[in-house]
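To start, the structure under review is shown below, and the notes come after it.
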Amino acid sequence: MSLKTSNLAFKKRVETQIENEMMRKAIIKAQETIGANRQKMVDELGNWEEWRDLSKQIRNHVLANLDAYLYQLSENVAKNGGHVYFAETAEEATAYIQQVAKQKNAKKIVKSKSMVTEEIGLNDVLEKDGITVVETDLGEYLLQIVGDKPSHIVVPAIHKDRHKIRQELHDTLGYQGPETPEAMTLFIREKIRQDFLEADIGISGCNFAVAETGSVCLVTNEGNLRLATTLPKTHIAVMGMERIAPTFQEVDVLITMLARSAVGAKLTAYNTWLTGPRLEGETDGPEDFHLVIVDNGRSKILESEFKEVLRCIRCGACLNTCPAYRQIGGHGYGSIYPGPIGSVISPLLGGYEEFKELPYACSLCTACNSVCPVKIPLAQLILKHREHIAQNGMTPAAERLSIFGFNFANSHPNVWKVGVKVGAKLAGKFIKNGKAPVNVGALAEWTKARDLPSAEGESFRDWFNNRG
């Protein structure tokens with residue numbers, strides 16, 4: 001599995017990203033633009049909270065009946081002439097796709113944007129088999145040519161500006177044109193067009209699968225997905241097991257919320273519905289269709305106290321409002337799932353050993369709660385992670401010792417009284433101009449950006465008693 005995007009320690013990642021002025025400016029601009037457009041769409045739709053309630057109900061209903069809908073989906077995909085594979089792990093998913101690629105003697109694969117294929121590390125696995133994998137989403141392609149990772153679940157190259165992109169296109173592909181988006185996009189389009197024509201297999205993600213018909217729903221803002229899923233003779237769609245809607249009626253609600261929340265639009269530019277391989281007499285579409293349904297820890301989440309996170313429709317709205325994401329960007333999280341949703345789901349999928357710091361990349365301001373279109377209580381789930389981390393003794397030793405000392409003093413009134421009195425006198429004596437004489441650990445981090453309050457050497461109780 002390939003959730004990690006960096007081998008740097010959390011603090012080092014954060015320090016590096018905070019110093020990246022280009023990234024911070026790009027994300028601030030994107031957050032403000034998307035946020036303003038989203039609000040227009042919310043106001044235009046009207047009754048927004050009712051839409052959120054309905055979306056939550058739909059997703060909860062699916063999760064409560066997931067086994068039945070997965071069965072119905074798989075049966076209908078098979079009836080349509082497709083193949084379904086249930087992968088319990090990332091390794092099983094990639095092994096199945098490898099097997100299909102070998103059967104087809106595939107030399108080149110084109111991919112549309114897919115977070116779940118990033119999650120299972122699909123590209124690396126296929127490339128080790130000598131297969132050329134071409135990302136055809138514009139943002140993903142820009143990252144692939146320089147070996148970079150996505151920093152946003154909807155806008156993967158959000159951390160780059162056009163000046164940086166132009167330079168990277170010049171350095172890697174010899175681009176000589178101007179740095180206008182139109183010119184650079186045309187250059188890449190001409191590069192990728194031949195890849196579409198030569199590809200043996202096209203791979204896509206899946207925004208929603210419709211259980212009633214066995215269809216796959218994909219929403220994009222580029223035409224690359226339709227080429228990737230119709231030109232190659234084989235199409236493989238990869239989906240997280242929870243990404244199901246019972247019928248098209250529910251999908252209508254969910255994509256309405258997805259588009260408005262993700263990019264502030266009524267609908268994305270392309271809404272694509274695929275139902276199995278090409279039928280007899282049809283002139284386009286793949287000859288062979290495979291749907292890979294990935295568990296990869298989702299079953300465990302479903303039976304846990306974190307199950308609400310599986311309502312997520314991957315709109316990225318929580319990233320677009322998060323003040324922590326604004327400062328450290330996606331790469332600061334070190335996971336392909338950054339921001340508030342990443343702080344919840346990355347430790348669940350990748351484990352606390354790898355991602356125990358992420359729940360602390362949050363001020364608990366609850367802005368993410370207010371924008372989530374399916375009402376996931378992200379801030380509360382982040383806090384729940386912190387509880388688990390503390391209960392499992394995974395916090396730093398100095399922090400655990402400090403908490404032990406505080407708890408001891410707080411449960412012994414006389415110790416507390418003496419400690420407060422002595423502490424007040426020491427603070428009054430040693431804190432000068434907002435700084436302590438010794439700054440270590442959390443105190444050092446705090447005083448990097450803030451001054452300590454000036455102390456007068458008197459505890460509150462003494463102050464109160466001295467005034468009658």
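Labels used: A, B, ... for chains in the order of the structure tokens, numbers from 1 for residues in each chain, and numbers from 1 for ligands as shown.
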Selection near range 59-65 of chain A, 10 Å with only C-alpha atoms, sequence-local residues under 2 positions removed, as an mmCIF file with N, CA and C atoms, in the first residue's frame:
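Output (out34.cif):
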```cif
data_model
loop_
_atom_site.group_PDB
_atom_site.id
_atom_site.type_symbol
_atom_site.label_atom_id
_atom_site.label_comp_id
_atom_site.auth_asym_id
_atom_site.auth_seq_id
_atom_site.Cartn_x
_atom_site.Cartn_y
_atom_site.Cartn_z
ATOM 1 N N LEU A 54 -30.189 14.982 3.526
ATOM 2 C CA LEU A 54 -30.571 13.923 2.591
ATOM 3 C C LEU A 54 -29.349 13.129 2.134
ATOM 4 N N SER A 55 -28.275 13.825 1.841
ATOM 5 C CA SER A 55 -27.044 13.147 1.409
ATOM 6 C C SER A 55 -26.500 12.241 2.509
ATOM 7 N N LYS A 56 -26.555 12.725 3.729
ATOM 8 C CA LYS A 56 -26.125 11.917 4.873
ATOM 9 C C LYS A 56 -26.989 10.662 4.995
ATOM 10 N N GLN A 57 -28.287 10.825 4.845
ATOM 11 C CA GLN A 57 -29.202 9.680 4.945
ATOM 12 C C GLN A 57 -28.909 8.647 3.859
ATOM 13 N N ASP A 67 -23.491 -4.862 2.296
ATOM 14 C CA ASP A 67 -23.347 -6.221 1.759
ATOM 15 C C ASP A 67 -24.371 -6.496 0.659
ATOM 16 N N ALA A 68 -25.607 -6.090 0.893
ATOM 17 C CA ALA A 68 -26.664 -6.329 -0.096
ATOM 18 C C ALA A 68 -26.407 -5.551 -1.380
ATOM 19 N N TYR A 69 -25.972 -4.294 -1.250
ATOM 20 C CA TYR A 69 -25.739 -3.489 -2.442
ATOM 21 C C TYR A 69 -24.507 -3.959 -3.217
ATOM 22 N N LEU A 70 -23.489 -4.425 -2.511
ATOM 23 C CA LEU A 70 -22.319 -4.967 -3.204
ATOM 24 C C LEU A 70 -22.689 -6.219 -3.999
ATOM 25 N N MET A 241 -14.926 0.081 -1.704
ATOM 26 C CA MET A 241 -16.145 -0.712 -1.580
ATOM 27 C C MET A 241 -17.361 0.078 -1.114
ATOM 28 N N GLU A 242 -17.137 1.251 -0.513
ATOM 29 C CA GLU A 242 -18.255 2.030 0.025
ATOM 30 C C GLU A 242 -18.859 3.003 -0.983
ATOM 31 N N ARG A 243 -18.276 3.090 -2.170
ATOM 32 C CA ARG A 243 -18.684 4.129 -3.128
ATOM 33 C C ARG A 243 -19.852 3.656 -3.993
ATOM 34 N N ILE A 244 -20.968 3.362 -3.346
ATOM 35 C CA ILE A 244 -22.142 2.828 -4.026
ATOM 36 C C ILE A 244 -23.346 3.740 -3.800
ATOM 37 N N ALA A 245 -24.207 3.810 -4.800
ATOM 38 C CA ALA A 245 -25.530 4.418 -4.663
ATOM 39 C C ALA A 245 -26.557 3.376 -5.107
ATOM 40 N N PRO A 246 -27.704 3.293 -4.440
ATOM 41 C CA PRO A 246 -28.694 2.274 -4.805
ATOM 42 C C PRO A 246 -29.195 2.419 -6.236
ATOM 43 N N GLU A 250 -30.447 8.438 -6.343
ATOM 44 C CA GLU A 250 -29.531 8.859 -5.276
ATOM 45 C C GLU A 250 -28.260 9.486 -5.851
ATOM 46 N N LEU A 254 -26.175 13.014 -5.002
ATOM 47 C CA LEU A 254 -24.778 12.992 -4.575
ATOM 48 C C LEU A 254 -23.869 13.779 -5.517
ATOM 49 N N LEU A 302 -15.810 0.149 9.064
ATOM 50 C CA LEU A 302 -17.267 0.061 9.100
ATOM 51 C C LEU A 302 -17.783 -0.457 10.437
ATOM 52 N N LYS A 307 -16.862 4.810 11.700
ATOM 53 C CA LYS A 307 -17.549 4.412 10.468
ATOM 54 C C LYS A 307 -18.148 5.596 9.704
ATOM 55 N N GLU A 308 -18.428 6.708 10.393
ATOM 56 C CA GLU A 308 -19.022 7.855 9.695
ATOM 57 C C GLU A 308 -18.115 8.418 8.608
ATOM 58 N N LEU A 310 -16.723 6.857 6.355
ATOM 59 C CA LEU A 310 -16.992 6.167 5.097
ATOM 60 C C LEU A 310 -18.117 6.830 4.299
ATOM 61 N N ARG A 311 -18.784 7.803 4.882
ATOM 62 C CA ARG A 311 -19.759 8.582 4.096
ATOM 63 C C ARG A 311 -19.070 9.462 3.063
ATOM 64 N N CYS A 312 -17.788 9.715 3.233
ATOM 65 C CA CYS A 312 -17.051 10.676 2.401
ATOM 66 C C CYS A 312 -17.251 10.418 0.911
ATOM 67 N N ILE A 313 -17.508 11.501 0.148
ATOM 68 C CA ILE A 313 -17.657 11.405 -1.306
ATOM 69 C C ILE A 313 -16.467 12.050 -2.020
ATOM 70 N N VAL A 374 -21.864 15.695 3.427
ATOM 71 C CA VAL A 374 -22.539 14.516 3.990
ATOM 72 C C VAL A 374 -22.432 14.506 5.524
#
```
Please give the complete set of residues from range 1-164 of chain A that DSSP, run on the backbone, assigns to alpha helix (DSSP H), formatted as a ChimeraX atom specification.
/A:10-18,21-45,48-64,66-79,90-103,115-119,122-128,138-144,162-164
For Met394 in chain A, please output as a PyMOL selection string all residues within 10 Å (counting only C-alpha atoms; exclusion window: fewer than 3 positions along the same chain).
chain A and resi 352-353+356-357+386+388-391+397+400
Just the selected residues (C-alpha atoms), exported as a CSV table (one decimal), in the first residue's frame, please.
```csv
chain,number,residue,atom,x,y,z
A,352,TYR,CA,-1.0,4.9,13.9
A,353,GLU,CA,2.7,4.0,13.5
A,356,LYS,CA,-0.2,9.3,14.5
A,357,GLU,CA,0.8,12.9,14.0
A,386,ARG,CA,-6.1,11.7,19.8
A,388,HIS,CA,-6.8,6.5,21.1
A,389,ILE,CA,-3.2,7.7,20.6
A,390,ALA,CA,-3.0,8.9,24.2
A,391,GLN,CA,-4.7,5.8,25.7
A,397,ALA,CA,7.4,10.5,26.7
A,400,ARG,CA,3.0,11.7,29.0
```
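Shell of Gly174 in chain A at 12 Å, with only C-alpha atoms counted and residues fewer than 4 places along the chain excluded, is A:Ile145, A:Arg166, A:Gln167, A:Glu168, A:Leu169, A:His170, A:Met184, A:Phe187, A:Ile188, A:Lys191.
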Which residues, written as a PDB file with N, CA and C atoms, in the first residue's frame, have at least one atom at most 8 Å from Asn271 in chain A, with only C-alpha atoms counted and residues fewer than 4 positions away on the same chain left out?
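Final output, saved to selection.pdb:
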```pdb
ATOM      1  N   CYS A 217     -20.337   5.534 -12.353  1.00  0.00           N
ATOM      2  CA  CYS A 217     -20.515   6.978 -12.552  1.00  0.00           C
ATOM      3  C   CYS A 217     -19.183   7.676 -12.310  1.00  0.00           C
ATOM      4  N   LEU A 218     -18.753   8.490 -13.277  1.00  0.00           N
ATOM      5  CA  LEU A 218     -17.488   9.208 -13.163  1.00  0.00           C
ATOM      6  C   LEU A 218     -17.712  10.679 -13.481  1.00  0.00           C
ATOM      7  N   VAL A 219     -17.239  11.554 -12.609  1.00  0.00           N
ATOM      8  CA  VAL A 219     -17.386  12.991 -12.839  1.00  0.00           C
ATOM      9  C   VAL A 219     -16.006  13.620 -12.982  1.00  0.00           C
ATOM     10  N   THR A 220     -15.808  14.359 -14.072  1.00  0.00           N
ATOM     11  CA  THR A 220     -14.508  14.965 -14.353  1.00  0.00           C
ATOM     12  C   THR A 220     -14.709  16.325 -14.991  1.00  0.00           C
ATOM     13  N   LEU A 267     -22.475  21.458 -11.973  1.00  0.00           N
ATOM     14  CA  LEU A 267     -22.054  20.117 -12.361  1.00  0.00           C
ATOM     15  C   LEU A 267     -20.630  20.195 -12.869  1.00  0.00           C
TER      16      LEU A 267
END
```
List as a list of chain:residue names the protein and nucleic acid residues near Ser74 in chain A, meaning an atom at most 10 Å away when only C-alpha atoms are counted, but skip any in the same chain fewer than 2 places from it.
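Returned residues: A:Tyr69, A:Leu70, A:Tyr71, A:Gln72, A:Asn76, A:Val77, A:Ala78, A:Lys79, A:Asn80, A:Gly82, A:His83, A:Val84, A:Tyr85, A:Phe86, A:Ala211, A:Thr213, A:Gly214, A:Leu291, A:Ile293.
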Provide the CA of Val125 in chain A to CA of Val146 in chain A distance in Å, to one decimal place.
18.4 Å
Of the candidates A:Ser343, A:Gln327, A:Asn465, A:Thr395, which shows the shortest atom-to-atom distance to Glu21 in chain A, using only C-alpha atoms?
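Looking only at the distances to Glu21 in chain A, the closest residue turns out to be A:Gln327.
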Nearest to Asn105 in chain A, chosen from A:Ile201, A:Val253, A:Ile165, A:Ile58, with only C-alpha atoms counted in the distances:
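Of A:Ile201, A:Val253, A:Ile165, A:Ile58, the one nearest Asn105 in chain A, counting only C-alpha atoms, is A:Ile201.
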Run DSSP on the backbone of this structure and report the residues of range 140-257 of chain A it assigns to strand (DSSP E), as a list in words.
Ile201, Gly202, Ile203, Ser204, Phe208, Ala209, Val210, Ser215, Val216, Cys217, Leu218, Val219, Thr220, Thr234, His235, Ile236, Ala237, Val238, Met239, Gly240, Ile244 and Ala245 of chain A
Store the residues picked out above, limited to N, CA, C and O atoms, as a short mmCIF file (atom, residue, chain, number, x, y, z; two decimals), in the first residue's frame.
```cif
data_model
loop_
_atom_site.label_atom_id
_atom_site.label_comp_id
_atom_site.auth_asym_id
_atom_site.auth_seq_id
_atom_site.Cartn_x
_atom_site.Cartn_y
_atom_site.Cartn_z
N ILE A 201 -4.80 -0.88 -22.27
CA ILE A 201 -5.77 -0.88 -21.18
C ILE A 201 -5.99 0.55 -20.70
O ILE A 201 -5.06 1.35 -20.65
N GLY A 202 -7.22 0.86 -20.36
CA GLY A 202 -7.54 2.12 -19.70
C GLY A 202 -8.01 1.84 -18.28
O GLY A 202 -8.82 0.93 -18.06
N ILE A 203 -7.50 2.60 -17.33
CA ILE A 203 -7.88 2.41 -15.92
C ILE A 203 -8.51 3.69 -15.39
O ILE A 203 -8.01 4.79 -15.65
N SER A 204 -9.60 3.54 -14.68
CA SER A 204 -10.28 4.69 -14.09
C SER A 204 -10.60 4.40 -12.63
O SER A 204 -10.52 3.25 -12.18
N PHE A 208 -19.13 6.87 -8.12
CA PHE A 208 -20.23 6.08 -7.54
C PHE A 208 -20.54 4.92 -8.48
O PHE A 208 -20.55 5.10 -9.70
N ALA A 209 -20.81 3.78 -7.91
CA ALA A 209 -21.32 2.65 -8.68
C ALA A 209 -22.81 2.52 -8.38
O ALA A 209 -23.22 2.64 -7.22
N VAL A 210 -23.62 2.30 -9.43
CA VAL A 210 -25.06 2.21 -9.25
C VAL A 210 -25.45 0.74 -9.15
O VAL A 210 -25.37 -0.01 -10.13
N SER A 215 -23.84 0.10 -13.21
CA SER A 215 -23.15 1.18 -13.91
C SER A 215 -22.08 1.82 -13.02
O SER A 215 -22.15 1.75 -11.79
N VAL A 216 -21.13 2.45 -13.69
CA VAL A 216 -20.09 3.21 -13.00
C VAL A 216 -20.27 4.68 -13.37
O VAL A 216 -20.36 5.02 -14.55
N CYS A 217 -20.34 5.53 -12.35
CA CYS A 217 -20.52 6.98 -12.55
C CYS A 217 -19.18 7.68 -12.31
O CYS A 217 -18.56 7.49 -11.27
N LEU A 218 -18.75 8.49 -13.28
CA LEU A 218 -17.49 9.21 -13.16
C LEU A 218 -17.71 10.68 -13.48
O LEU A 218 -18.32 11.01 -14.51
N VAL A 219 -17.24 11.55 -12.61
CA VAL A 219 -17.39 12.99 -12.84
C VAL A 219 -16.01 13.62 -12.98
O VAL A 219 -15.13 13.42 -12.15
N THR A 220 -15.81 14.36 -14.07
CA THR A 220 -14.51 14.97 -14.35
C THR A 220 -14.71 16.33 -14.99
O THR A 220 -15.80 16.68 -15.44
N THR A 234 -9.58 -2.72 -23.29
CA THR A 234 -9.94 -3.17 -21.94
C THR A 234 -10.05 -1.98 -21.00
O THR A 234 -9.17 -1.11 -20.99
N HIS A 235 -11.11 -1.93 -20.23
CA HIS A 235 -11.30 -0.89 -19.21
C HIS A 235 -11.36 -1.56 -17.84
O HIS A 235 -12.15 -2.49 -17.63
N ILE A 236 -10.53 -1.08 -16.92
CA ILE A 236 -10.55 -1.54 -15.53
C ILE A 236 -10.94 -0.36 -14.65
O ILE A 236 -10.26 0.67 -14.64
N ALA A 237 -12.05 -0.48 -13.93
CA ALA A 237 -12.47 0.55 -12.97
C ALA A 237 -12.14 0.04 -11.57
O ALA A 237 -12.40 -1.12 -11.25
N VAL A 238 -11.56 0.91 -10.76
CA VAL A 238 -11.17 0.55 -9.40
C VAL A 238 -11.94 1.43 -8.43
O VAL A 238 -11.94 2.66 -8.56
N MET A 239 -12.62 0.82 -7.45
CA MET A 239 -13.45 1.60 -6.52
C MET A 239 -13.28 1.13 -5.09
O MET A 239 -13.06 -0.05 -4.82
N GLY A 240 -13.36 2.07 -4.17
CA GLY A 240 -13.48 1.71 -2.77
C GLY A 240 -14.84 1.08 -2.54
O GLY A 240 -15.84 1.51 -3.14
N ILE A 244 -20.97 3.36 -3.35
CA ILE A 244 -22.14 2.83 -4.03
C ILE A 244 -23.35 3.74 -3.80
O ILE A 244 -23.48 4.35 -2.75
N ALA A 245 -24.21 3.81 -4.80
CA ALA A 245 -25.53 4.42 -4.66
C ALA A 245 -26.56 3.38 -5.11
O ALA A 245 -26.29 2.63 -6.05
#
```
Leu227 in chain A surroundings by only C-alpha atoms, 9 Å radius, close-in-sequence under 3 positions cut, as a compact mmCIF listing (two decimals) with all heavy atoms, in the first residue's frame:
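Writing the result to around33.txt gives the following:
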```txt
# COMPACT_ATOMS: atom_id res chain seq x y z
N PHE A 196 -3.19 7.65 -25.83
CA PHE A 196 -4.56 7.11 -25.85
C PHE A 196 -4.74 6.10 -26.98
O PHE A 196 -5.36 5.05 -26.81
CB PHE A 196 -5.59 8.24 -26.04
CG PHE A 196 -5.82 9.08 -24.82
CD1 PHE A 196 -5.56 10.44 -24.83
CD2 PHE A 196 -6.32 8.52 -23.65
CE1 PHE A 196 -5.79 11.23 -23.72
CE2 PHE A 196 -6.55 9.30 -22.53
CZ PHE A 196 -6.28 10.65 -22.56
N LEU A 197 -4.17 6.42 -28.15
CA LEU A 197 -4.34 5.56 -29.32
C LEU A 197 -3.55 4.27 -29.20
O LEU A 197 -3.92 3.25 -29.77
CB LEU A 197 -3.92 6.33 -30.58
CG LEU A 197 -4.74 7.58 -30.91
CD1 LEU A 197 -4.12 8.35 -32.06
CD2 LEU A 197 -6.19 7.21 -31.23
N GLY A 202 -7.22 0.86 -20.36
CA GLY A 202 -7.54 2.12 -19.70
C GLY A 202 -8.01 1.84 -18.28
O GLY A 202 -8.82 0.93 -18.06
N GLY A 223 -11.83 15.86 -20.72
CA GLY A 223 -12.33 14.78 -21.57
C GLY A 223 -11.44 13.56 -21.58
O GLY A 223 -11.73 12.57 -22.26
N ASN A 224 -10.33 13.61 -20.82
CA ASN A 224 -9.37 12.50 -20.86
C ASN A 224 -9.99 11.18 -20.41
O ASN A 224 -9.67 10.11 -20.93
CB ASN A 224 -8.16 12.82 -19.99
CG ASN A 224 -8.51 12.94 -18.52
OD1 ASN A 224 -9.45 13.64 -18.14
ND2 ASN A 224 -7.78 12.24 -17.68
N THR A 230 -12.77 4.41 -23.37
CA THR A 230 -13.43 3.96 -24.59
C THR A 230 -12.46 3.54 -25.70
O THR A 230 -12.76 2.63 -26.47
CB THR A 230 -14.36 5.05 -25.17
OG1 THR A 230 -13.60 6.26 -25.35
CG2 THR A 230 -15.52 5.33 -24.24
N LEU A 231 -11.29 4.15 -25.79
CA LEU A 231 -10.35 3.80 -26.86
C LEU A 231 -9.65 2.46 -26.62
O LEU A 231 -9.59 1.63 -27.52
CB LEU A 231 -9.33 4.92 -27.06
CG LEU A 231 -9.83 6.17 -27.79
CD1 LEU A 231 -8.72 7.20 -27.91
CD2 LEU A 231 -10.36 5.81 -29.17
N PRO A 232 -9.07 2.22 -25.43
CA PRO A 232 -8.43 0.92 -25.20
C PRO A 232 -9.44 -0.22 -25.24
O PRO A 232 -10.62 -0.03 -24.91
CB PRO A 232 -7.80 1.07 -23.81
CG PRO A 232 -7.70 2.54 -23.58
CD PRO A 232 -8.88 3.11 -24.28
```
Interatomic distance (Å, one decimal) between CA of Phe404 in chain A and CA of Ala442 in chain A:
15.7 Å
